[in-house]
Every structure is written in C-alpha cells, then in structure tokens.
Amino acid sequence: MSAAVLDGSALARKIRQELAPRAAALAKKLGRKPALAIVSSARPDRATLSYRQSQKKACEEVGIWWETLARDWKSADEILAALKDGKPFEGAILDLPLNDGVDVERLLARLPPESDVEGVTPFNFGRLFEIKAYAEIQRRRLVAPCTALAVAELLRETRAPLSGKNAVVLGRSNIVGKPAAHLLSCLDLTVTLCHSKTRDLAELVKRADVVVAAMGKPKSVRASWIKPGAIVIDAGVSEEDGALCGDVEAGAAEKAGWLTPTVGGVGPVTTAMLLSNSVLLAERKAR
Ligand code: NAP
C-alpha cells in the first residue's frame with residue numbers, strides 16, 4: 001500500500017482563495033488593505049528569511065499589506081512602542097528568535113490579543129483551551145497557533161472518520177504540539193501527548209490511527225512503527241546534508257493511509273492559517 005499524499009499546497013491555495021474576498025471587503029471598509037507588521041531581528045537566519053518570503057507572497061495573493069520592522073531590538077517595550085506608534089497594523093507576526101535583550105514572555109504578555117495573528121499570547125491561548133469542540137473556534141471567532149491549526153485542517157481534509165480514534169502527538173511545544181493535541185481532542189480523537197521523557201514511543205505510535213510528529217528530530221519516527229492505514233502528519237522540518245527532511249522516515253509512505261510531504265505539507269497550510277487568523281482579527285476589529 002502506498003499512502004495518499006496530503007497536499008498542503010493545494011489546501012493552502014483553497015484557503016487563500018476563500019480569504020481573498022474577505023480581505024477585499026475589509027479593504028473597502030478600512031479604506032486601505034488590512035496590514036501586518038512582521039517584527040524581526042536585523043539579521044534573521046536563513047530559515048526565518050525563507051519563511052518570511054512565503055508569508056509575503058501569501059499576503060500579496062490574499063490582499064494583505066505587510067511591512068517588515070527589522071531592527072536590533074533592545075527590549076520587548078521597544079517593539080511594543082513601535083507597533084503602537086507607527087502606521088496602523090491589524091496584526092503583528094513575531095519572527096522568533098528576536099535579539100537577546102528581548103524578553104519574549106513579556107512581549108507576548110503585553111501584545112494586544114486583538115493583534116495576535118499567531119495565536120500565541122496567553123489570553124488567546126487560554127481562550128483556545130476553554131473549548132471542547134472544534135466548531136467552537138469558528139463560532140467564537142478564536143485564533144489558535146497556526147501550525148496546530150494547519151495540522152487540524154489537514155486532518156479534516158482527509159474526510160476520514162476521526163471520532164474516538166487514537167492519536168499520538170510527538171512534541172509538546174506551545175506553538176505546535178500542545179495546541180495540536182488540544183485541537184485533536186476537540187475533533188474527538190483520544191490523544192496521547194508525547195515528549196522527550198516519554199517511554200516506549202514506538203509502542204504508542206504503533207497503536208495510533210493518527211500520528212502528528214513535531215519534534216524536529218529528523219527521521220526519528222520509524223516506518224515500522226506506523227499502523228497500516230494511519231494518517232501521518234509530519235510537521236518536523238530539519239536540514240540534513242543540505243536537504244530538508246521531516247521527523248518521519250520516508251518508508252512510512254508504504255504503510256500510512258495518508259502522509260504529508262515535508263515540502264508542500266504542513267508549511268503552506270501554516271502560512272494560510274496565519275492569514276486566516278489575520279483576516280479574522282481584522283474583521284473583529286472592523287466591526
Ligand atoms: P521545540 O519547541 O523544540 O519542541 C520539540 C518537542 O519535541 C519538545 O516538546 C520535545 O520534548 C519533543 N521531543 C524532542 N525529542 C523527542 C523524542 N525523542 N521523543 C518525543 N518527543 C521529543 O520545537 P517546535 O517549535 O515545536 O517545532 C517542532 C518541529 O516542527 C521543528 O522541526 C520545527 O522546524 C517544525 N515546525 C514546522 C512548522 C511548519 O510550518 N511546518 C512550524 C513550526 C515548527 P520536551 O518538551 O520534553 O523537550
């Protein structure tokens with residue numbers, strides 16, 4: 001059996017097409033395009049630069065204006081002041097890591113939740129963890145961390161029955177693993193959240209109908225662990241010998257029912273969800 005490819009690029013295109021008329025309606029209301037500030041250090045690394053390029057391209061396609069605020073930031077307060085005193089922005093993207101002097105915890109705690117297009121401020125994170133059903137995200141107009149949303153949307157895209165199925169999420173960061181595990185439980189999966197201290201990862205993965213890998217440990221999920229027909233969403237991106245590779249061994253494609261590619265999988269949907277959060281927050285503000 002060979003896994004069906006879970007095509008993130010195609011899903012992202014569909015999401016961007018749905019967002020474009022909403023962004024146009026906002027532009028009409030505001031008298032200008034909705035705008036995002038991309039806060040970055042003056043010397044971003046290669047990965048940040050490439051992610052930023054894809055963000056900008058997607059913004060242009062949807063009709064969102066962006067401006068990069070790239071400086072040697074001295075503190076969180078300096079960033080907050082730049083966002084408040086400059087041109088009007090509907091939202092801010094924080095290209096972490098920023099400069100050493102910037103207290104990220106303070107920055108996230110003080111960033112206005114209504115500008116938090118990445119869904120990472122304590123307020124928005126807390127609101128997300130109040131819900132029990134995935135549909136409440138839309139009903140309550142909530143924002144969530146973009147990669148976690150991308151994982152959930154890719155999973156829904158399979159149209160596979162999910163309720164009561166077993167899922168393992170490998171990784172418990174605040175931006176990927178932890179919120180992804182919560183969103184999967186909101187899709188009525190029974191979720192095991194794994195981390196570096198988890199014992200017998202192989203056995204847990206072998207029982208899983210859905211595997212979400214978000215460790216940043218290249219090829220560490222062995223093909224032999226994958227349950228036949230499982231849905232495997234590989235968010236991991238690492239560089240090995242100059243090539244990008246995921247957390248899951250390529251041979252998993254022989255056993256999985258669905259598998260995301262490393263390039264054109266979770267990444268483009270993450271960017272699309274960033275724009276989706278941006279449009280949603282801009283609509284909330286414009287009301
Ligand atoms: P992170 O903050 O470093 O978290 C990694 C997580 O993996 C931690 O919770 C860690 O456990 C866990 N882990 C490490 N080794 C493990 C092991 N052997 N078994 C089980 N769990 C293990 O990373 P992140 O920011 O969440 O990113 C994870 C990956 O996703 C990276 O490859 C990153 O590049 C990728 N990513 C992709 C996108 C995208 O759009 N495609 C977006 C964001 C991130 P502990 O908590 O115990 O340390």
# chains A, B, ... in the order shown; residues from 1 in each chain; ligands from 1
>>> residues_around(residues="Val5 in chain A", least_positions_apart="3", cutoff="6 Å", atoms="only C-alpha atoms", output="PyMOL selection string")
chain A and resi 258-260
>>> write_last_selection(atoms="N, CA, C and O atoms", output="CSV table (one decimal), in the first residue's frame")
chain,number,residue,atom,x,y,z
A,258,TRP,N,-2.5,8.1,4.8
A,258,TRP,CA,-2.2,9.5,4.3
A,258,TRP,C,-0.9,9.9,4.9
A,258,TRP,O,-0.6,9.6,6.1
A,259,LEU,N,-0.2,10.7,4.1
A,259,LEU,CA,1.1,11.3,4.7
A,259,LEU,C,1.3,12.7,4.1
A,259,LEU,O,1.1,12.9,2.9
A,260,THR,N,1.8,13.6,4.9
A,260,THR,CA,2.1,14.9,4.4
A,260,THR,C,3.6,14.9,3.9
A,260,THR,O,4.4,14.3,4.6
>>> residues_around(residues="Ala286 in chain A", least_positions_apart="3", cutoff="12 Å", atoms="only C-alpha atoms", output="NGL selection string")
:A and (22-23 or 25-31 or 34 or 90 or 114 or 279-283)
>>> residues_around(residues="Arg141 in chain A", least_positions_apart="2", cutoff="12 Å", atoms="only C-alpha atoms", output="ChimeraX atom specification")
/A:114,119,124,127-128,131,134-139,143-144,276-285
>>> closest_atom_pairs(of="range 153-173 of chain A", to="range 233-247 of chain A", cutoff="12 Å", atoms="only C-alpha atoms", output="JSON lines")
{"residue": "A:Glu153", "atom": "CA", "partner": "A:Ile233", "partner_atom": "CA", "distance": 10.8}
{"residue": "A:Leu154", "atom": "CA", "partner": "A:Ile233", "partner_atom": "CA", "distance": 7.9}
{"residue": "A:Leu155", "atom": "CA", "partner": "A:Ile233", "partner_atom": "CA", "distance": 7.8}
{"residue": "A:Arg156", "atom": "CA", "partner": "A:Ile233", "partner_atom": "CA", "distance": 11.6}
{"residue": "A:Glu157", "atom": "CA", "partner": "A:Ile233", "partner_atom": "CA", "distance": 11.8}
{"residue": "A:Thr158", "atom": "CA", "partner": "A:Ile233", "partner_atom": "CA", "distance": 11.1}
{"residue": "A:Ala167", "atom": "CA", "partner": "A:Ile233", "partner_atom": "CA", "distance": 10.8}
{"residue": "A:Val168", "atom": "CA", "partner": "A:Ile233", "partner_atom": "CA", "distance": 10.5}
{"residue": "A:Val169", "atom": "CA", "partner": "A:Ile233", "partner_atom": "CA", "distance": 9.5}
{"residue": "A:Leu170", "atom": "CA", "partner": "A:Asp247", "partner_atom": "CA", "distance": 9.5}
{"residue": "A:Gly171", "atom": "CA", "partner": "A:Gly236", "partner_atom": "CA", "distance": 9.7}
>>> write_last_selection(atoms="all heavy atoms", output="PDB file, in the first residue's frame")
ATOM      1  N   GLU A 153      -6.506  21.162  10.241  1.00  0.00           N
ATOM      2  CA  GLU A 153      -7.164  21.346   8.931  1.00  0.00           C
ATOM      3  C   GLU A 153      -6.739  20.263   7.942  1.00  0.00           C
ATOM      4  O   GLU A 153      -7.549  19.779   7.158  1.00  0.00           O
ATOM      5  CB  GLU A 153      -6.865  22.745   8.376  1.00  0.00           C
ATOM      6  CG  GLU A 153      -7.587  23.867   9.123  1.00  0.00           C
ATOM      7  CD  GLU A 153      -9.118  23.731   9.048  1.00  0.00           C
ATOM      8  OE1 GLU A 153      -9.643  23.467   7.962  1.00  0.00           O
ATOM      9  OE2 GLU A 153      -9.770  23.867  10.110  1.00  0.00           O
ATOM     10  N   LEU A 154      -5.472  19.874   7.978  1.00  0.00           N
ATOM     11  CA  LEU A 154      -5.008  18.794   7.093  1.00  0.00           C
ATOM     12  C   LEU A 154      -5.714  17.481   7.444  1.00  0.00           C
ATOM     13  O   LEU A 154      -6.130  16.725   6.566  1.00  0.00           O
ATOM     14  CB  LEU A 154      -3.490  18.629   7.207  1.00  0.00           C
ATOM     15  CG  LEU A 154      -2.680  19.655   6.419  1.00  0.00           C
ATOM     16  CD1 LEU A 154      -1.255  19.769   6.970  1.00  0.00           C
ATOM     17  CD2 LEU A 154      -2.636  19.283   4.930  1.00  0.00           C
ATOM     18  N   LEU A 155      -5.869  17.267   8.715  1.00  0.00           N
ATOM     19  CA  LEU A 155      -6.543  16.059   9.179  1.00  0.00           C
ATOM     20  C   LEU A 155      -8.002  16.042   8.710  1.00  0.00           C
ATOM     21  O   LEU A 155      -8.501  15.037   8.196  1.00  0.00           O
ATOM     22  CB  LEU A 155      -6.471  16.057  10.713  1.00  0.00           C
ATOM     23  CG  LEU A 155      -6.747  14.775  11.455  1.00  0.00           C
ATOM     24  CD1 LEU A 155      -5.935  13.638  10.872  1.00  0.00           C
ATOM     25  CD2 LEU A 155      -6.362  14.980  12.926  1.00  0.00           C
ATOM     26  N   ARG A 156      -8.683  17.177   8.842  1.00  0.00           N
ATOM     27  CA  ARG A 156     -10.081  17.272   8.388  1.00  0.00           C
ATOM     28  C   ARG A 156     -10.188  17.072   6.892  1.00  0.00           C
ATOM     29  O   ARG A 156     -11.177  16.542   6.384  1.00  0.00           O
ATOM     30  CB  ARG A 156     -10.655  18.637   8.776  1.00  0.00           C
ATOM     31  CG  ARG A 156     -11.156  18.671  10.220  1.00  0.00           C
ATOM     32  CD  ARG A 156     -11.167  20.056  10.800  1.00  0.00           C
ATOM     33  NE  ARG A 156     -11.717  21.080   9.971  1.00  0.00           N
ATOM     34  CZ  ARG A 156     -12.965  21.544  10.023  1.00  0.00           C
ATOM     35  NH1 ARG A 156     -13.804  21.030  10.874  1.00  0.00           N
ATOM     36  NH2 ARG A 156     -13.355  22.510   9.231  1.00  0.00           N
ATOM     37  N   GLU A 157      -9.154  17.505   6.186  1.00  0.00           N
ATOM     38  CA  GLU A 157      -9.145  17.422   4.726  1.00  0.00           C
ATOM     39  C   GLU A 157      -9.207  15.967   4.246  1.00  0.00           C
ATOM     40  O   GLU A 157      -9.653  15.692   3.133  1.00  0.00           O
ATOM     41  CB  GLU A 157      -7.875  18.119   4.199  1.00  0.00           C
ATOM     42  CG  GLU A 157      -7.832  18.404   2.724  1.00  0.00           C
ATOM     43  CD  GLU A 157      -8.901  19.380   2.228  1.00  0.00           C
ATOM     44  OE1 GLU A 157      -9.600  20.000   3.040  1.00  0.00           O
ATOM     45  OE2 GLU A 157      -9.025  19.476   0.990  1.00  0.00           O
ATOM     46  N   THR A 158      -8.766  15.021   5.061  1.00  0.00           N
ATOM     47  CA  THR A 158      -8.808  13.607   4.650  1.00  0.00           C
ATOM     48  C   THR A 158     -10.253  13.095   4.612  1.00  0.00           C
ATOM     49  O   THR A 158     -10.523  12.078   3.981  1.00  0.00           O
ATOM     50  CB  THR A 158      -8.032  12.698   5.625  1.00  0.00           C
ATOM     51  OG1 THR A 158      -8.675  12.744   6.908  1.00  0.00           O
ATOM     52  CG2 THR A 158      -6.575  13.109   5.751  1.00  0.00           C
ATOM     53  N   ALA A 167      -4.872   9.055  18.696  1.00  0.00           N
ATOM     54  CA  ALA A 167      -3.852   9.911  18.080  1.00  0.00           C
ATOM     55  C   ALA A 167      -2.659  10.014  19.011  1.00  0.00           C
ATOM     56  O   ALA A 167      -2.825  10.031  20.244  1.00  0.00           O
ATOM     57  CB  ALA A 167      -4.421  11.302  17.816  1.00  0.00           C
ATOM     58  N   VAL A 168      -1.454  10.081  18.441  1.00  0.00           N
ATOM     59  CA  VAL A 168      -0.298  10.483  19.240  1.00  0.00           C
ATOM     60  C   VAL A 168       0.247  11.766  18.651  1.00  0.00           C
ATOM     61  O   VAL A 168       0.303  11.939  17.429  1.00  0.00           O
ATOM     62  CB  VAL A 168       0.874   9.453  19.290  1.00  0.00           C
ATOM     63  CG1 VAL A 168       0.517   8.223  20.061  1.00  0.00           C
ATOM     64  CG2 VAL A 168       1.394   9.118  17.932  1.00  0.00           C
ATOM     65  N   VAL A 169       0.596  12.684  19.527  1.00  0.00           N
ATOM     66  CA  VAL A 169       1.258  13.922  19.113  1.00  0.00           C
ATOM     67  C   VAL A 169       2.647  13.872  19.722  1.00  0.00           C
ATOM     68  O   VAL A 169       2.798  13.712  20.938  1.00  0.00           O
ATOM     69  CB  VAL A 169       0.475  15.164  19.599  1.00  0.00           C
ATOM     70  CG1 VAL A 169       1.214  16.436  19.216  1.00  0.00           C
ATOM     71  CG2 VAL A 169      -0.930  15.173  19.009  1.00  0.00           C
ATOM     72  N   LEU A 170       3.663  13.967  18.873  1.00  0.00           N
ATOM     73  CA  LEU A 170       5.047  13.872  19.326  1.00  0.00           C
ATOM     74  C   LEU A 170       5.628  15.275  19.406  1.00  0.00           C
ATOM     75  O   LEU A 170       5.864  15.907  18.374  1.00  0.00           O
ATOM     76  CB  LEU A 170       5.861  13.004  18.353  1.00  0.00           C
ATOM     77  CG  LEU A 170       5.191  11.668  17.957  1.00  0.00           C
ATOM     78  CD1 LEU A 170       6.017  10.931  16.916  1.00  0.00           C
ATOM     79  CD2 LEU A 170       4.997  10.789  19.186  1.00  0.00           C
ATOM     80  N   GLY A 171       5.792  15.781  20.609  1.00  0.00           N
ATOM     81  CA  GLY A 171       6.250  17.156  20.821  1.00  0.00           C
ATOM     82  C   GLY A 171       5.190  17.928  21.580  1.00  0.00           C
ATOM     83  O   GLY A 171       3.986  17.747  21.322  1.00  0.00           O
TER      84      GLY A 171
END
>>> residues_near_ligand(ligand="ligand 1", cutoff="9 Å", atoms="only C-alpha atoms and all ligand atoms", output="ChimeraX atom specification")
/A:47,51,146-148,150,169-178,193-199,201,213-218,220-221,234-238,245-247,262-271
>>> write_last_selection(atoms="N, CA and C atoms", output="tab-separated table (two decimals), in the first residue's frame")
chain	number	residue	atom	x	y	z
A	47	ALA	N	16.38	30.21	7.73
A	47	ALA	CA	15.05	29.62	7.82
A	47	ALA	C	13.99	30.71	7.97
A	51	TYR	N	10.91	31.57	5.41
A	51	TYR	CA	9.53	31.55	5.91
A	51	TYR	C	8.88	32.92	5.64
A	146	CYS	N	-0.77	28.80	14.52
A	146	CYS	CA	-1.02	28.49	13.10
A	146	CYS	C	-0.65	27.05	12.70
A	147	THR	N	0.46	26.53	13.23
A	147	THR	CA	0.85	25.18	12.82
A	147	THR	C	-0.12	24.15	13.40
A	148	ALA	N	-0.58	24.39	14.62
A	148	ALA	CA	-1.55	23.48	15.22
A	148	ALA	C	-2.85	23.49	14.41
A	150	ALA	N	-3.02	24.21	11.28
A	150	ALA	CA	-2.70	23.55	10.00
A	150	ALA	C	-2.82	22.03	10.14
A	169	VAL	N	0.60	12.68	19.53
A	169	VAL	CA	1.26	13.92	19.11
A	169	VAL	C	2.65	13.87	19.72
A	170	LEU	N	3.66	13.97	18.87
A	170	LEU	CA	5.05	13.87	19.33
A	170	LEU	C	5.63	15.27	19.41
A	171	GLY	N	5.79	15.78	20.61
A	171	GLY	CA	6.25	17.16	20.82
A	171	GLY	C	5.19	17.93	21.58
A	172	ARG	N	5.65	18.75	22.53
A	172	ARG	CA	4.67	19.47	23.38
A	172	ARG	C	4.97	20.96	23.47
A	173	SER	N	5.51	21.55	22.39
A	173	SER	CA	5.78	22.99	22.44
A	173	SER	C	4.47	23.76	22.44
A	174	ASN	N	4.55	25.02	22.88
A	174	ASN	CA	3.34	25.86	22.92
A	174	ASN	C	2.86	26.25	21.53
A	175	ILE	N	3.77	26.21	20.54
A	175	ILE	CA	3.33	26.65	19.21
A	175	ILE	C	2.85	25.49	18.34
A	176	VAL	N	3.28	24.27	18.64
A	176	VAL	CA	2.85	23.15	17.78
A	176	VAL	C	2.19	22.03	18.61
A	177	GLY	N	3.01	21.25	19.31
A	177	GLY	CA	2.50	20.01	19.89
A	177	GLY	C	1.33	20.17	20.85
A	178	LYS	N	1.50	21.08	21.83
A	178	LYS	CA	0.46	21.20	22.86
A	178	LYS	C	-0.88	21.66	22.26
A	193	LEU	N	-0.13	12.74	24.33
A	193	LEU	CA	0.86	13.80	24.04
A	193	LEU	C	2.24	13.33	24.52
A	194	CYS	N	3.17	13.18	23.60
A	194	CYS	CA	4.49	12.62	23.93
A	194	CYS	C	5.57	13.71	23.91
A	195	HIS	N	6.65	13.44	24.61
A	195	HIS	CA	7.75	14.39	24.71
A	195	HIS	C	9.04	13.62	24.93
A	196	SER	N	10.11	14.34	25.24
A	196	SER	CA	11.41	13.67	25.28
A	196	SER	C	11.55	12.66	26.43
A	197	LYS	N	10.64	12.72	27.40
A	197	LYS	CA	10.74	11.77	28.52
A	197	LYS	C	9.76	10.60	28.35
A	198	THR	N	9.02	10.62	27.26
A	198	THR	CA	8.03	9.55	27.03
A	198	THR	C	8.74	8.21	26.87
A	199	ARG	N	8.20	7.18	27.52
A	199	ARG	CA	8.79	5.85	27.39
A	199	ARG	C	8.06	5.08	26.31
A	201	LEU	N	8.02	5.07	22.92
A	201	LEU	CA	7.35	5.83	21.86
A	201	LEU	C	6.86	4.90	20.75
A	213	ALA	N	3.80	14.41	14.08
A	213	ALA	CA	5.20	14.49	14.51
A	213	ALA	C	5.65	15.94	14.50
A	214	ALA	N	6.09	16.43	15.65
A	214	ALA	CA	6.54	17.83	15.77
A	214	ALA	C	7.67	17.90	16.79
A	215	MET	N	8.76	17.19	16.46
A	215	MET	CA	9.89	17.13	17.39
A	215	MET	C	11.11	17.86	16.85
A	216	GLY	N	11.23	17.92	15.52
A	216	GLY	CA	12.46	18.45	14.94
A	216	GLY	C	13.59	17.45	15.07
A	217	LYS	N	13.26	16.16	15.06
A	217	LYS	CA	14.26	15.07	15.13
A	217	LYS	C	14.16	14.28	13.82
A	218	PRO	N	15.03	14.59	12.86
A	218	PRO	CA	14.87	14.01	11.53
A	218	PRO	C	14.82	12.48	11.51
A	220	SER	N	13.18	10.30	12.91
A	220	SER	CA	13.21	9.52	14.15
A	220	SER	C	11.97	8.65	14.33
A	221	VAL	N	10.91	8.93	13.59
A	221	VAL	CA	9.73	8.06	13.64
A	221	VAL	C	9.92	6.99	12.56
A	234	ASP	N	3.38	15.16	9.37
A	234	ASP	CA	4.77	15.39	9.79
A	234	ASP	C	5.07	16.89	9.71
A	235	ALA	N	5.04	17.53	10.89
A	235	ALA	CA	5.32	18.98	10.93
A	235	ALA	C	6.82	19.25	11.04
A	236	GLY	N	7.60	18.23	11.36
A	236	GLY	CA	9.04	18.42	11.59
A	236	GLY	C	9.76	18.90	10.32
A	237	VAL	N	10.62	19.87	10.50
A	237	VAL	CA	11.46	20.33	9.38
A	237	VAL	C	12.88	20.48	9.91
A	238	SER	N	13.80	19.70	9.37
A	238	SER	CA	15.21	19.80	9.75
A	238	SER	C	16.05	19.77	8.48
A	245	CYS	N	14.38	17.62	5.75
A	245	CYS	CA	13.71	16.35	6.00
A	245	CYS	C	12.83	16.45	7.24
A	246	GLY	N	11.83	15.58	7.28
A	246	GLY	CA	10.86	15.60	8.36
A	246	GLY	C	11.26	14.68	9.50
A	247	ASP	N	10.34	14.52	10.45
A	247	ASP	CA	10.59	13.65	11.61
A	247	ASP	C	10.31	12.18	11.28
A	262	THR	N	7.27	16.66	3.32
A	262	THR	CA	7.99	17.66	4.13
A	262	THR	C	7.86	19.04	3.49
A	263	VAL	N	8.03	19.08	2.17
A	263	VAL	CA	7.83	20.36	1.46
A	263	VAL	C	6.45	20.29	0.81
A	264	GLY	N	5.63	21.32	1.07
A	264	GLY	CA	4.27	21.30	0.49
A	264	GLY	C	3.29	20.54	1.37
A	265	GLY	N	3.63	20.35	2.64
A	265	GLY	CA	2.73	19.69	3.57
A	265	GLY	C	2.19	20.68	4.59
A	266	VAL	N	2.71	20.60	5.81
A	266	VAL	CA	2.21	21.46	6.90
A	266	VAL	C	2.58	22.94	6.67
A	267	GLY	N	3.77	23.19	6.08
A	267	GLY	CA	4.28	24.56	5.95
A	267	GLY	C	3.32	25.53	5.27
A	268	PRO	N	2.88	25.25	4.02
A	268	PRO	CA	1.99	26.22	3.36
A	268	PRO	C	0.67	26.40	4.08
A	269	VAL	N	0.18	25.35	4.73
A	269	VAL	CA	-1.10	25.50	5.45
A	269	VAL	C	-0.89	26.37	6.69
A	270	THR	N	0.29	26.26	7.31
A	270	THR	CA	0.60	27.13	8.46
A	270	THR	C	0.51	28.60	8.03
A	271	THR	N	1.12	28.91	6.88
A	271	THR	CA	1.07	30.30	6.39
A	271	THR	C	-0.36	30.71	6.08
>>> residues_around(residues="Leu96 in chain A", least_positions_apart="3", cutoff="10 Å", atoms="only C-alpha atoms", output="list in words")
Val39, Ser40, Ser41, Pro44, Thr48, Ile93, Asn99 and Val104 of chain A
>>> closest_residue(among="A:Lys84, A:Ala37, A:Leu11, A:Ser50", to="Trp66 in chain A", atoms="only C-alpha atoms")
A:Ala37
>>> atom_distance(atom1="CA of Asp45 in chain A", atom2="CA of Gly86 in chain A")
25.4 Å
